[in-house]
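*Asks:* Contents are compact mmCIF, C-alpha atoms; file name protein-v8.txt:
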# COMPACT_ATOMS: atom_id res chain seq x y z
CA HIS A 248 -10.26 3.47 26.26
CA GLY A 249 -8.27 4.27 23.16
CA PRO A 250 -9.20 2.91 19.73
CA LEU A 251 -8.44 -0.66 18.81
CA LEU A 252 -6.03 -1.47 16.01
CA ALA A 253 -6.88 -4.32 13.65
CA VAL A 254 -3.99 -5.67 11.57
CA HIS A 255 -2.62 -8.97 10.34
CA GLY A 256 0.08 -10.71 12.36
CA GLU A 257 3.00 -9.53 10.25
CA TRP A 258 5.29 -6.58 9.59
CA SER A 259 4.54 -5.64 5.99
CA SER A 260 3.18 -2.84 3.82
CA ARG A 261 -0.35 -3.56 5.02
CA THR A 262 0.56 -3.28 8.72
CA ARG A 263 3.55 -0.95 9.18
CA HIS A 264 1.63 2.21 8.22
CA VAL A 265 -0.54 1.61 11.30
CA LEU A 266 1.88 -0.10 13.69
CA GLY A 267 4.68 2.25 12.70
CA ALA A 268 2.70 5.35 13.73
CA PRO A 269 4.00 6.06 17.28
CA ARG A 270 1.07 8.07 18.62
CA LEU A 271 -1.49 5.76 17.10
CA ARG A 272 0.28 2.74 18.57
CA ALA A 273 0.75 4.31 22.00
CA GLY A 274 -2.91 5.37 22.27
CA ALA A 275 -4.39 2.03 21.26
CA GLY A 276 -6.32 -0.03 23.77
CA ALA A 277 -5.33 -3.32 22.09
CA VAL A 278 -4.49 -4.87 18.74
CA LEU A 279 -6.87 -7.32 17.09
CA VAL A 280 -4.68 -9.78 15.19
CA LEU A 281 -6.48 -10.66 11.95
CA GLY A 282 -6.14 -13.53 9.52
CA ARG A 283 -5.28 -17.18 9.80
CA PRO A 284 -3.38 -18.05 13.00
CA ARG A 285 0.09 -18.86 11.71
CA GLN A 286 2.18 -18.10 14.78
CA SER A 287 1.68 -17.34 18.44
CA LEU A 288 0.75 -13.90 19.72
CA ARG A 289 4.00 -13.84 21.68
CA ARG A 290 6.05 -14.28 18.52
CA ILE A 291 4.03 -11.60 16.75
CA ALA A 292 4.57 -9.22 19.69
CA ASP A 293 8.32 -9.92 19.56
CA LEU A 294 8.34 -9.21 15.81
CA TRP A 295 6.57 -5.87 16.26
CA ARG A 296 8.75 -4.95 19.24
CA CYS A 297 11.87 -5.44 17.14
CA ALA A 298 10.39 -3.44 14.26
CA THR A 299 9.12 -0.46 16.28
CA GLY A 300 11.52 -0.40 19.20
CA ASP A 301 8.89 -0.53 21.94
CA LYS A 302 6.33 -2.86 23.44
CA PRO A 303 3.10 -3.12 21.41
CA PRO A 304 -0.36 -2.80 22.97
CA PRO A 305 -1.97 -6.04 24.20
CA LEU A 306 -2.59 -8.49 21.37
CA VAL A 307 -5.96 -10.26 21.03
CA ARG A 308 -7.05 -12.81 18.47
CA PRO A 309 -10.76 -12.15 17.74
CA ILE A 310 -11.92 -15.74 17.98
CA SER A 311 -12.68 -18.37 20.61
CA PRO A 312 -13.64 -22.05 20.50
CA GLY A 313 -17.19 -21.21 21.57
CA ALA A 314 -17.60 -18.52 18.91
CA ALA A 315 -16.17 -20.86 16.28
CA VAL A 316 -18.75 -23.55 17.10
CA ARG A 317 -21.68 -21.13 17.31
CA SER A 318 -20.78 -19.55 13.97
CA LEU A 319 -20.87 -22.80 12.00
CA GLY A 320 -24.58 -22.52 11.19
CA PRO A 321 -24.46 -18.91 9.88
CA ALA A 322 -21.22 -19.65 8.04
CA LEU A 323 -22.70 -22.69 6.25
CA ARG A 324 -25.78 -20.70 5.21
CA GLY A 325 -23.62 -17.91 3.82
CA LEU A 326 -21.36 -20.35 2.02
CA LYS A 327 -24.38 -22.01 0.42
CA VAL A 328 -25.41 -18.70 -1.11
CA GLY A 329 -21.86 -18.13 -2.30
CA MET A 330 -21.60 -21.59 -3.85
CA GLN A 331 -24.83 -21.04 -5.76
CA SER A 332 -23.34 -17.95 -7.37
CA LEU A 333 -20.51 -20.08 -8.73
CA ASP A 334 -22.98 -22.00 -10.88
CA ALA A 335 -22.91 -19.06 -13.28
CA PRO A 336 -20.67 -19.36 -16.38
CA GLY A 337 -17.04 -18.75 -15.55
CA GLY A 338 -17.66 -19.35 -11.86
CA THR A 339 -15.62 -22.52 -11.41
CA HIS A 340 -12.64 -22.60 -9.04
CA GLY A 341 -10.14 -25.21 -8.00
CA PHE A 342 -10.64 -27.26 -4.85
CA SER A 343 -7.63 -25.74 -3.09
CA LEU A 344 -8.80 -22.17 -3.67
CA MET A 345 -12.36 -23.01 -2.65
CA SER A 346 -11.15 -24.63 0.56
CA ARG A 347 -9.20 -21.52 1.51
CA GLN A 348 -12.15 -19.27 0.72
CA CYS A 349 -14.52 -21.38 2.82
CA TYR A 350 -12.09 -21.33 5.74
CA ARG A 351 -11.70 -17.55 5.53
CA TYR A 352 -15.47 -17.05 5.41
CA TRP A 353 -15.99 -19.26 8.44
CA LEU A 354 -13.18 -17.42 10.24
CA GLY A 355 -15.02 -14.16 9.58
CA ALA A 356 -18.27 -15.55 10.93
CA ALA A 357 -16.49 -16.75 14.06
CA SER A 358 -14.82 -13.36 14.55
CA ALA A 359 -18.14 -11.59 14.16
CA ALA A 360 -19.71 -13.89 16.77
CA TRP A 361 -16.79 -13.30 19.13
CA TRP A 362 -17.12 -9.53 18.79
CA SER A 363 -20.89 -9.54 19.33
CA GLU A 364 -20.46 -11.49 22.56
CA ARG A 365 -17.50 -9.66 24.10
CA ALA A 366 -17.09 -6.10 22.86
CA GLY A 367 -18.49 -3.07 24.58
CA PRO A 368 -20.53 -0.48 22.69
CA GLY A 369 -19.16 2.31 20.57
CA ARG A 370 -15.54 1.22 20.01
CA ASP A 371 -13.43 2.74 17.26
CA VAL A 372 -11.45 0.12 15.32
CA ILE A 373 -8.63 1.18 12.97
CA TYR A 374 -7.83 -1.31 10.19
CA GLY A 375 -4.64 -1.54 8.17
CA HIS A 376 -6.19 -3.80 5.52
CA THR A 377 -9.85 -4.55 4.70
CA GLY A 378 -12.11 -6.20 2.16
CA LEU A 379 -11.48 -9.89 2.90
CA ALA A 380 -14.20 -12.38 3.75
CA ASP A 381 -13.10 -12.56 7.38
CA THR A 382 -12.33 -8.87 8.02
CA SER A 383 -15.54 -7.68 6.36
CA GLN A 384 -17.79 -9.78 8.60
CA LEU A 385 -15.91 -8.53 11.64
CA GLU A 386 -16.32 -4.91 10.48
CA TYR A 387 -20.06 -5.34 9.98
CA ALA A 388 -20.40 -6.78 13.51
CA GLN A 389 -18.47 -3.83 14.95
CA GLN A 390 -20.66 -1.34 13.11
CA ASP A 391 -23.84 -3.19 14.15
CA GLY A 392 -22.70 -2.78 17.75
CA GLY A 393 -22.48 1.00 17.39
CA GLY A 394 -18.77 1.23 16.67
CA ARG A 395 -16.88 2.97 13.88
CA THR A 396 -14.41 1.23 11.65
CA VAL A 397 -11.60 3.12 9.94
CA HIS A 398 -9.69 1.87 6.91
CA VAL A 399 -6.22 3.44 6.88
CA VAL A 400 -5.35 2.83 3.24
CA HIS A 401 -1.74 1.78 2.73
CA GLY A 402 -1.48 2.22 -1.06
CA LEU A 403 -3.07 3.97 -4.01
CA SER A 404 -6.23 2.79 -5.67
CA SER A 405 -5.98 0.98 -8.97
CA GLY A 406 -9.57 1.48 -9.95
CA ILE A 407 -12.45 0.24 -7.82
CA ASN A 408 -10.34 -2.08 -5.70
CA PHE A 409 -11.33 -1.21 -2.12
CA ALA A 410 -14.40 -2.84 -0.56
CA GLY A 411 -15.58 0.44 0.89
CA ILE A 412 -17.54 -0.87 3.88
CA SER A 413 -15.76 1.12 6.59
CA SER A 414 -17.22 4.10 8.40
CA LEU A 415 -14.21 6.18 7.41
CA ALA A 416 -11.43 5.73 4.86
CA LEU A 417 -8.18 7.63 5.32
CA PHE A 418 -6.40 7.78 1.97
CA ARG A 419 -2.78 8.32 0.99
CA CYS A 420 -3.67 11.21 -1.28
CA GLY A 421 -6.44 13.65 -2.11
CA ALA A 422 -6.96 12.29 -5.63
CA ASP A 423 -8.03 8.88 -4.25
CA ALA A 424 -10.22 10.42 -1.54
CA ARG A 425 -12.08 12.55 -4.08
CA PHE A 426 -12.55 9.57 -6.41
CA TYR A 427 -14.02 7.38 -3.66
CA ARG A 428 -16.29 10.16 -2.49
CA ARG A 429 -17.88 10.07 -5.92
CA LEU A 430 -18.39 6.30 -5.60
CA GLN A 431 -20.28 6.80 -2.31
CA VAL A 432 -19.24 3.50 -0.74
CA TYR A 433 -17.42 4.50 2.44
CA ASP A 434 -19.43 6.68 4.85
CA ARG A 435 -16.58 9.23 4.77
CA CYS A 436 -13.47 9.61 2.63
CA GLU A 437 -10.70 11.85 3.95
CA TRP A 438 -7.01 12.55 3.66
CA LEU A 439 -4.74 14.52 5.94
CA ALA A 440 -3.28 16.98 3.46
CA ALA A 441 0.47 17.41 3.78
CA ARG A 442 2.33 20.66 3.23
CA ALA A 443 4.55 20.63 0.17
CA PRO A 444 8.25 20.82 1.06
CA GLU A 445 10.78 22.72 -0.95
CA SER A 446 11.88 20.68 -3.92
CA ARG A 447 15.56 19.90 -3.48
CA HIS A 448 18.36 20.42 -5.97
CA ARG A 449 19.54 17.34 -7.77
CA GLY A 450 22.59 15.35 -6.80
CA ARG A 451 24.15 12.59 -8.89
CA GLY A 452 23.13 9.27 -10.35
CA VAL A 453 19.82 7.76 -11.41
CA ALA A 454 17.47 6.17 -8.88
CA LEU A 455 14.89 3.65 -10.14
CA TYR A 456 12.03 2.24 -8.05
CA THR A 457 9.99 -0.67 -9.47
CA ASN A 458 7.01 -2.63 -8.17
CA TYR A 459 5.89 -4.84 -11.05
CA LEU A 460 6.25 -7.88 -8.76
CA HIS A 461 3.78 -6.55 -6.20
CA PRO A 462 1.55 -9.43 -5.03
CA MET A 463 -1.65 -7.42 -5.61
CA ARG A 464 -0.92 -6.83 -9.29
CA SER A 465 -3.19 -8.87 -11.53
CA GLY A 466 -1.89 -11.07 -14.29
CA ASP A 467 0.95 -13.53 -14.77
CA PRO A 468 3.95 -13.01 -12.42
CA ALA A 469 6.15 -13.75 -15.44
CA ALA A 470 4.72 -10.62 -17.08
CA GLY A 471 5.73 -8.62 -14.02
CA LEU A 472 9.24 -10.01 -14.30
CA ARG A 473 9.39 -8.95 -17.96
CA LEU A 474 8.29 -5.41 -17.00
CA GLU A 475 10.96 -5.28 -14.30
CA LEU A 476 13.62 -6.23 -16.84
CA ALA A 477 12.23 -3.80 -19.41
CA SER A 478 12.34 -0.95 -16.88
CA LEU A 479 15.97 -1.68 -16.04
CA GLY A 480 16.88 -1.71 -19.72
CA LEU A 481 14.99 1.46 -20.70
CA VAL A 482 16.33 3.56 -17.84
CA ARG A 483 19.85 2.31 -18.51
CA GLU A 484 19.40 3.28 -22.18
CA PHE A 485 18.33 6.77 -21.13
CA ALA A 486 21.28 7.10 -18.76
CA GLN A 487 23.76 6.08 -21.45
CA ARG A 488 22.16 8.44 -23.96
CA ASP A 489 22.38 11.39 -21.58
CA GLY A 490 25.78 10.58 -20.17
CA VAL A 491 24.52 9.86 -16.64
CA SER A 492 26.53 7.37 -14.62
CA ASP A 493 25.80 5.66 -11.29
CA LEU A 494 22.62 3.57 -11.53
CA TYR A 495 20.73 2.66 -8.35
CA TRP A 496 17.69 0.37 -8.21
CA ARG A 497 15.22 -0.77 -5.58
CA HIS A 498 12.47 -3.32 -6.33
CA HIS A 499 9.39 -4.12 -4.29
CA PRO A 500 10.18 -6.47 -1.39
CA ALA A 501 7.76 -9.03 -2.86
CA ALA A 502 10.40 -9.84 -5.49
CA GLY A 503 12.04 -11.94 -2.79
CA SER A 504 8.96 -14.20 -2.66
CA MET A 505 9.33 -15.24 -6.30
CA PRO A 506 10.90 -18.59 -7.16
CA GLY A 507 14.60 -18.55 -6.47
CA GLU A 508 15.61 -18.87 -10.12
CA ALA A 509 13.49 -15.89 -11.18
CA THR A 510 14.82 -13.69 -8.39
CA ALA A 511 18.39 -14.70 -9.12
CA ARG A 512 17.93 -13.95 -12.81
CA LEU A 513 16.48 -10.52 -12.11
CA LYS A 514 19.33 -9.57 -9.81
CA GLN A 515 21.95 -10.97 -12.16
CA VAL A 516 20.60 -9.05 -15.16
CA ALA A 517 20.48 -5.87 -13.08
CA ALA A 518 24.09 -6.37 -11.95
CA ASP A 519 25.23 -7.06 -15.52
CA MET A 520 23.62 -3.77 -16.60
CA GLY A 521 25.53 -1.90 -13.92
CA TRP A 522 22.72 -1.35 -11.43
CA GLU A 523 23.66 -1.08 -7.76
CA PRO A 524 21.25 -1.59 -4.82
CA LEU A 525 19.47 1.62 -3.83
CA LEU A 526 19.83 1.77 -0.05
CA PRO A 527 17.57 4.00 2.05
CA PRO A 528 19.00 6.40 4.65
CA PRO A 529 20.99 6.20 6.83
CA ARG A 530 23.02 3.67 4.83
CA GLY A 531 22.15 5.33 1.52
CA ARG A 532 21.45 8.83 0.32
CA ALA A 533 18.21 10.77 0.74
CA GLU A 534 15.63 10.03 -1.95
CA SER A 535 15.87 13.56 -3.35
CA ASP A 536 19.68 13.47 -3.57
CA TYR A 537 19.86 11.96 -7.06
CA TYR A 538 20.31 13.56 -10.44
CA PHE A 539 17.18 11.89 -11.81
CA VAL A 540 14.51 9.73 -10.16
CA VAL A 541 12.32 7.24 -12.06
CA THR A 542 9.56 5.05 -10.70
CA SER A 543 7.06 2.53 -12.00
CA PRO A 544 3.38 3.37 -11.34
CA SER A 545 3.06 2.89 -7.58
CA THR A 546 2.56 4.52 -4.21
CA ILE A 547 6.26 5.42 -4.18
CA VAL A 548 5.32 8.42 -6.38
CA VAL A 549 3.48 9.93 -3.41
CA ASP A 550 6.26 9.00 -0.99
CA LEU A 551 8.94 10.60 -3.14
CA LEU A 552 6.98 13.82 -3.63
CA ALA A 553 6.53 14.09 0.14
CA LEU A 554 10.33 13.81 0.54
CA GLY A 555 11.01 16.67 -1.88
CA ALA A 556 12.01 14.46 -4.83
CA LEU A 557 10.45 14.87 -8.27
CA PRO A 558 10.09 11.43 -9.88
CA VAL A 559 9.27 10.73 -13.52
CA MET A 560 6.86 7.81 -13.81
CA LEU A 561 7.86 5.22 -16.40
CA ASP A 562 4.44 4.10 -17.60
CA LEU A 563 4.85 0.67 -19.18
CA ASP A 564 1.62 -0.82 -17.86
CA LEU A 565 -1.08 1.46 -16.45
CA PRO A 566 -4.33 0.29 -18.07
CA VAL A 567 -6.76 1.28 -15.32
CA GLU A 568 -8.63 4.51 -15.95
CA GLN A 569 -9.69 5.23 -12.37
CA THR A 570 -6.34 5.78 -10.69
CA ALA A 571 -4.71 8.83 -9.18
CA LEU A 572 -1.50 8.14 -11.09
CA LEU A 573 -3.19 8.90 -14.41
CA GLN A 574 -3.38 12.49 -13.18
CA TYR A 575 0.37 12.61 -12.61
CA PRO A 576 1.89 14.79 -15.36
CA LEU A 577 5.51 13.55 -15.38
CA ARG A 578 5.09 10.33 -17.36
CA ALA A 579 7.25 8.64 -19.97
CA LYS A 580 6.92 5.43 -21.96
CA ASP A 581 10.46 5.00 -23.29
CA ALA A 582 14.06 6.19 -23.02
CA ALA A 583 13.41 9.15 -25.31
CA GLY A 584 10.61 10.34 -23.06
CA LEU A 585 12.87 10.10 -20.02
CA SER A 586 15.55 12.14 -21.82
CA ASP A 587 12.97 14.78 -22.69
CA TRP A 588 11.93 15.18 -19.06
CA CYS A 589 15.54 15.24 -17.93
CA ARG A 590 16.24 18.20 -20.21
CA ARG A 591 13.05 20.04 -19.24
CA LEU A 592 13.84 19.73 -15.53
CA GLU A 593 17.39 21.06 -15.84
CA ASP A 594 16.21 24.60 -15.08
CA ASP A 595 15.54 25.12 -11.37
CA VAL A 596 12.58 27.42 -11.95
CA GLU A 597 10.98 24.99 -14.38
CA ARG A 598 11.68 22.13 -12.01
CA GLU A 599 9.95 23.92 -9.13
CA ARG A 600 6.95 24.69 -11.35
CA TRP A 601 6.56 21.05 -12.29
CA TYR A 602 6.99 19.97 -8.68
CA ARG A 603 4.04 22.17 -7.64
CA LEU A 604 1.92 20.88 -10.53
CA CYS A 605 2.66 17.28 -9.57
CA TRP A 606 1.94 17.97 -5.91
CA ASP A 607 -1.42 19.57 -6.69
CA SER A 608 -2.43 16.76 -9.06
CA ILE A 609 -1.93 14.03 -6.42
CA GLY A 610 -2.34 15.80 -3.06
CA PRO A 611 -0.05 13.71 -0.80
CA ALA A 612 -1.21 13.07 2.75
CA ILE A 613 0.64 12.99 6.04
CA ALA A 614 0.94 9.80 8.10
CA ALA A 615 -1.96 8.19 9.94
CA ASP A 616 -0.49 9.31 13.27
CA SER A 617 -2.67 12.43 13.10
CA ILE A 618 -5.93 10.56 12.52
CA ARG A 619 -7.49 12.08 15.63
CA ARG A 620 -7.82 15.35 13.71
CA ILE A 621 -10.70 13.87 11.76
CA LEU A 622 -11.91 11.17 14.18
CA PRO A 623 -13.78 12.94 16.99
CA GLY A 624 -14.89 11.24 20.13
CA PRO A 625 -17.80 8.80 20.01
CA GLY A 626 -21.13 10.53 19.57
CA GLN A 627 -19.66 13.77 18.25
Could I get this file's structure written as structure tokens?

*Replies:*
Amino acid sequence: HGPLLAVHGEWSSRTRHVLGAPRLRAGAGAVLVLGRPRQSLRRIADLWRCATGDKPPPLVRPISPGAAVRSLGPALRGLKVGMQSLDAPGGTHGFSLMSRQCYRYWLGAASAAWWSERAGPGRDVIYGHTGLADTSQLEYAQQDGGGRTVHVVHGLSSGINFAGISSLALFRCGADARFYRRLQVYDRCEWLAARAPESRHRGRGVALYTNYLHPMRSGDPAAGLRLELASLGLVREFAQRDGVSDLYWRHHPAAGSMPGEATARLKQVAADMGWEPLLPPPRGRAESDYYFVVTSPSTIVVDLLALGALPVMLDLDLPVEQTALLQYPLRAKDAAGLSDWCRRLEDDVERERWYRLCWDSIGPAIAADSIRRILPGPGQ
């Protein structure tokens, strides 16, 4: 039997890095569909078939009516302990949030009971997203049964933000893997080191990637919107100062989940400034085929390096000390800083030197498709 995949029933950044890996998908025995049941397994299979171009492995929801009933007692006892912790100062929550948390905890208890009753010994389970009340209980049950759980991390760490209960964590870069090794939470922390490509010569135009509206960012969404607008303005100021035309911008897909008025305002301001949509290949140009590339602090830094581009990170809001991106040397806080980097990278030799320094500071990894290099057979 091949390993099991465990992902939520969606096609998003927390699932496509696992489901989009052809060899990993083809070798899987089944897919455990995590999270609240929002649509049928058939619809989820159709969604993944359209996204990947082939039929997914069998889909299984790790719950049953019997397991749900039998887990009520353990779930209520665990929730009682959790509720007692909320008696501490600052521990109050709204009824709606508490209801959702209780449901998720009970769902985890039911999934753990289902696994303990049905699963064979020693299965490997590869997760696309971990650390929730339901997925954590399922992971513990799988480990208690002699299996190994693998967290294939889909983004960069922003401090101590991963639960770290898996048997193995496969990180997007070496900087994160080394940091989490020092924390000693996961049993193993690895990354599949990529080989640095040749940095490509610059083309034309400015490409800007922003992610201040990412749903996992803490704080007020309105603050994220302000940072998006500030980024557009600062990079446009740099471009005008340096005589660079053709502005291309791509925001995080989560911007589409904001209220309609906020999204419309963001797009209208961008259009008024002269920004055009940055389209990925094949409709658009390769990521490295721009005169200058700028990005907000995000995983896209690693992605761009792996594609041979050399992005400058516009650091408007990076307060966390334990993040790989703080080790990234090409950082600017304003239009003047962007202009300075633009001039310094004009020389091809200097540009190649900085590309190697950036690569070594982050250590990009290859895709999860090659996970079998570091995941030997059971018992080895």

*Asks:* Excluding same-chain residues fewer than 3 positions from His264 in chain A, what lies within 9 Å of it counting all atoms listed in the file, as an mmCIF file with C-alpha atoms, keeping the file's coordinate frame?

*Replies:*
data_model
loop_
_atom_site.group_PDB
_atom_site.id
_atom_site.type_symbol
_atom_site.label_atom_id
_atom_site.label_comp_id
_atom_site.auth_asym_id
_atom_site.auth_seq_id
_atom_site.Cartn_x
_atom_site.Cartn_y
_atom_site.Cartn_z
ATOM 1 C CA SER A 259 4.540 -5.640 5.990
ATOM 2 C CA SER A 260 3.180 -2.840 3.820
ATOM 3 C CA ARG A 261 -0.350 -3.560 5.020
ATOM 4 C CA GLY A 267 4.680 2.250 12.700
ATOM 5 C CA ALA A 268 2.700 5.350 13.730
ATOM 6 C CA GLY A 375 -4.640 -1.540 8.170
ATOM 7 C CA VAL A 399 -6.220 3.440 6.880
ATOM 8 C CA VAL A 400 -5.350 2.830 3.240
ATOM 9 C CA HIS A 401 -1.740 1.780 2.730
ATOM 10 C CA ALA A 614 0.940 9.800 8.100
ATOM 11 C CA ALA A 615 -1.960 8.190 9.940
ATOM 12 C CA ASP A 616 -0.490 9.310 13.270
#

*Asks:* Excluding Val549 in chain A and its own-chain neighbours fewer than 5 positions away, which residues fall within 8 Å of it when counting only C-alpha atoms? Please give them as a list of chain:residue names.

*Replies:*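 Answer for this query is A:Arg419, A:Cys420, A:Ile609, A:Pro611.
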
*Asks:* Mind checking which residues fall within 8 Å of range 553-560 of chain A, counting only C-alpha atoms, ignoring those fewer than 3 positions away in the same chain, and posting them as a count of residues only?

*Replies:* 25

*Asks:* Quick one, how far is CA of Ala314 in chain A from CA of Tyr352 in chain A?

*Replies:* 13.7 Å

*Asks:* Taking all atoms listed in the file into account, name the residue in A:Gly452, A:Gly490, A:Gly402, A:Pro305 that is nearest to Ala571 in chain A.

*Replies:*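 Nearest to Ala571 in chain A: A:Gly402.
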
*Asks:* Residues near Leu323 in chain A, anyone? I mean within 10 Å using all atoms listed in the file, not counting same-chain ones fewer than 4 positions away, as a CSV table (one decimal) with C-alpha atoms, keeping the file's coordinate frame.

*Replies:*
chain,number,residue,atom,x,y,z
A,318,SER,CA,-20.8,-19.6,14.0
A,319,LEU,CA,-20.9,-22.8,12.0
A,327,LYS,CA,-24.4,-22.0,0.4
A,328,VAL,CA,-25.4,-18.7,-1.1
A,329,GLY,CA,-21.9,-18.1,-2.3
A,349,CYS,CA,-14.5,-21.4,2.8
A,352,TYR,CA,-15.5,-17.0,5.4
A,353,TRP,CA,-16.0,-19.3,8.4
A,356,ALA,CA,-18.3,-15.6,10.9

*Asks:* For range 269-277 of chain A, find every residue with an atom within 9 Å (counting all atoms listed in the file), except residues of its own chain fewer than 5 positions away, and show them as a list of chain:residue names.

*Replies:*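 Counting all atoms listed in the file, the residues come to A:His248, A:Gly249, A:Pro250, A:Leu251, A:Leu252, A:Ala253, A:Thr299, A:Pro303, A:Pro304, A:Pro305, A:Leu306, A:Val307, A:Ala615, A:Asp616, A:Ser617, A:Ile618, A:Arg619.
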
*Asks:* So how far away is CA of Asp301 in chain A from CA of Gln389 in chain A, in Å?

*Replies:*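 These two atoms are separated by 28.4 Å.
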
*Asks:* Taking into account all atoms listed in the file, which residue in the set A:Val278, A:Val453, A:Ile407, A:Leu563 is nearest to Gln431 in chain A?

*Replies:*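 So, comparing all the options, the nearest one is A:Ile407.
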
*Asks:* If you measure from CA of Ala477 in chain A to CA of Leu604 in chain A, what distance in Å do you get, rounded to one decimal?

*Replies:*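 Computing it gives 28.2 Å between the two atoms.
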
*Asks:* Quick one: residues within 7 Å of (-15.3, 8.0, 4.5) (file frame), counting only C-alpha atoms, please, as a ChimeraX atom specification.

*Replies:* /A:414-416,433-437

*Asks:* Here's a test: counting all atoms listed in the file, identify every protein, DNA and RNA residue with an atom at most 12 Å from (-16.5, -19.0, 17.7) in the file's coordinate frame, and state them as a compact mmCIF listing (two decimals) with C-alpha atoms, in the coordinates of the input.

*Replies:*
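Result file is selection.txt:
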# COMPACT_ATOMS: atom_id res chain seq x y z
CA ARG A 308 -7.05 -12.81 18.47
CA PRO A 309 -10.76 -12.15 17.74
CA ILE A 310 -11.92 -15.74 17.98
CA SER A 311 -12.68 -18.37 20.61
CA PRO A 312 -13.64 -22.05 20.50
CA GLY A 313 -17.19 -21.21 21.57
CA ALA A 314 -17.60 -18.52 18.91
CA ALA A 315 -16.17 -20.86 16.28
CA VAL A 316 -18.75 -23.55 17.10
CA ARG A 317 -21.68 -21.13 17.31
CA SER A 318 -20.78 -19.55 13.97
CA LEU A 319 -20.87 -22.80 12.00
CA GLY A 320 -24.58 -22.52 11.19
CA PRO A 321 -24.46 -18.91 9.88
CA ALA A 322 -21.22 -19.65 8.04
CA TRP A 353 -15.99 -19.26 8.44
CA LEU A 354 -13.18 -17.42 10.24
CA GLY A 355 -15.02 -14.16 9.58
CA ALA A 356 -18.27 -15.55 10.93
CA ALA A 357 -16.49 -16.75 14.06
CA SER A 358 -14.82 -13.36 14.55
CA ALA A 359 -18.14 -11.59 14.16
CA ALA A 360 -19.71 -13.89 16.77
CA TRP A 361 -16.79 -13.30 19.13
CA TRP A 362 -17.12 -9.53 18.79
CA SER A 363 -20.89 -9.54 19.33
CA GLU A 364 -20.46 -11.49 22.56
CA ARG A 365 -17.50 -9.66 24.10

*Asks:* Which residue, A:Leu455, A:Leu326, A:Trp601, A:Gly394, has the smallest gap to Ser478 in chain A when you use only C-alpha atoms?

*Replies:* A:Leu455

*Asks:* Go through A:Ala410, A:Leu494, A:Leu430, A:Leu572 and flag the residue nearest Ser383 in chain A, using all atoms listed in the file for the distances.

*Replies:* A:Ala410
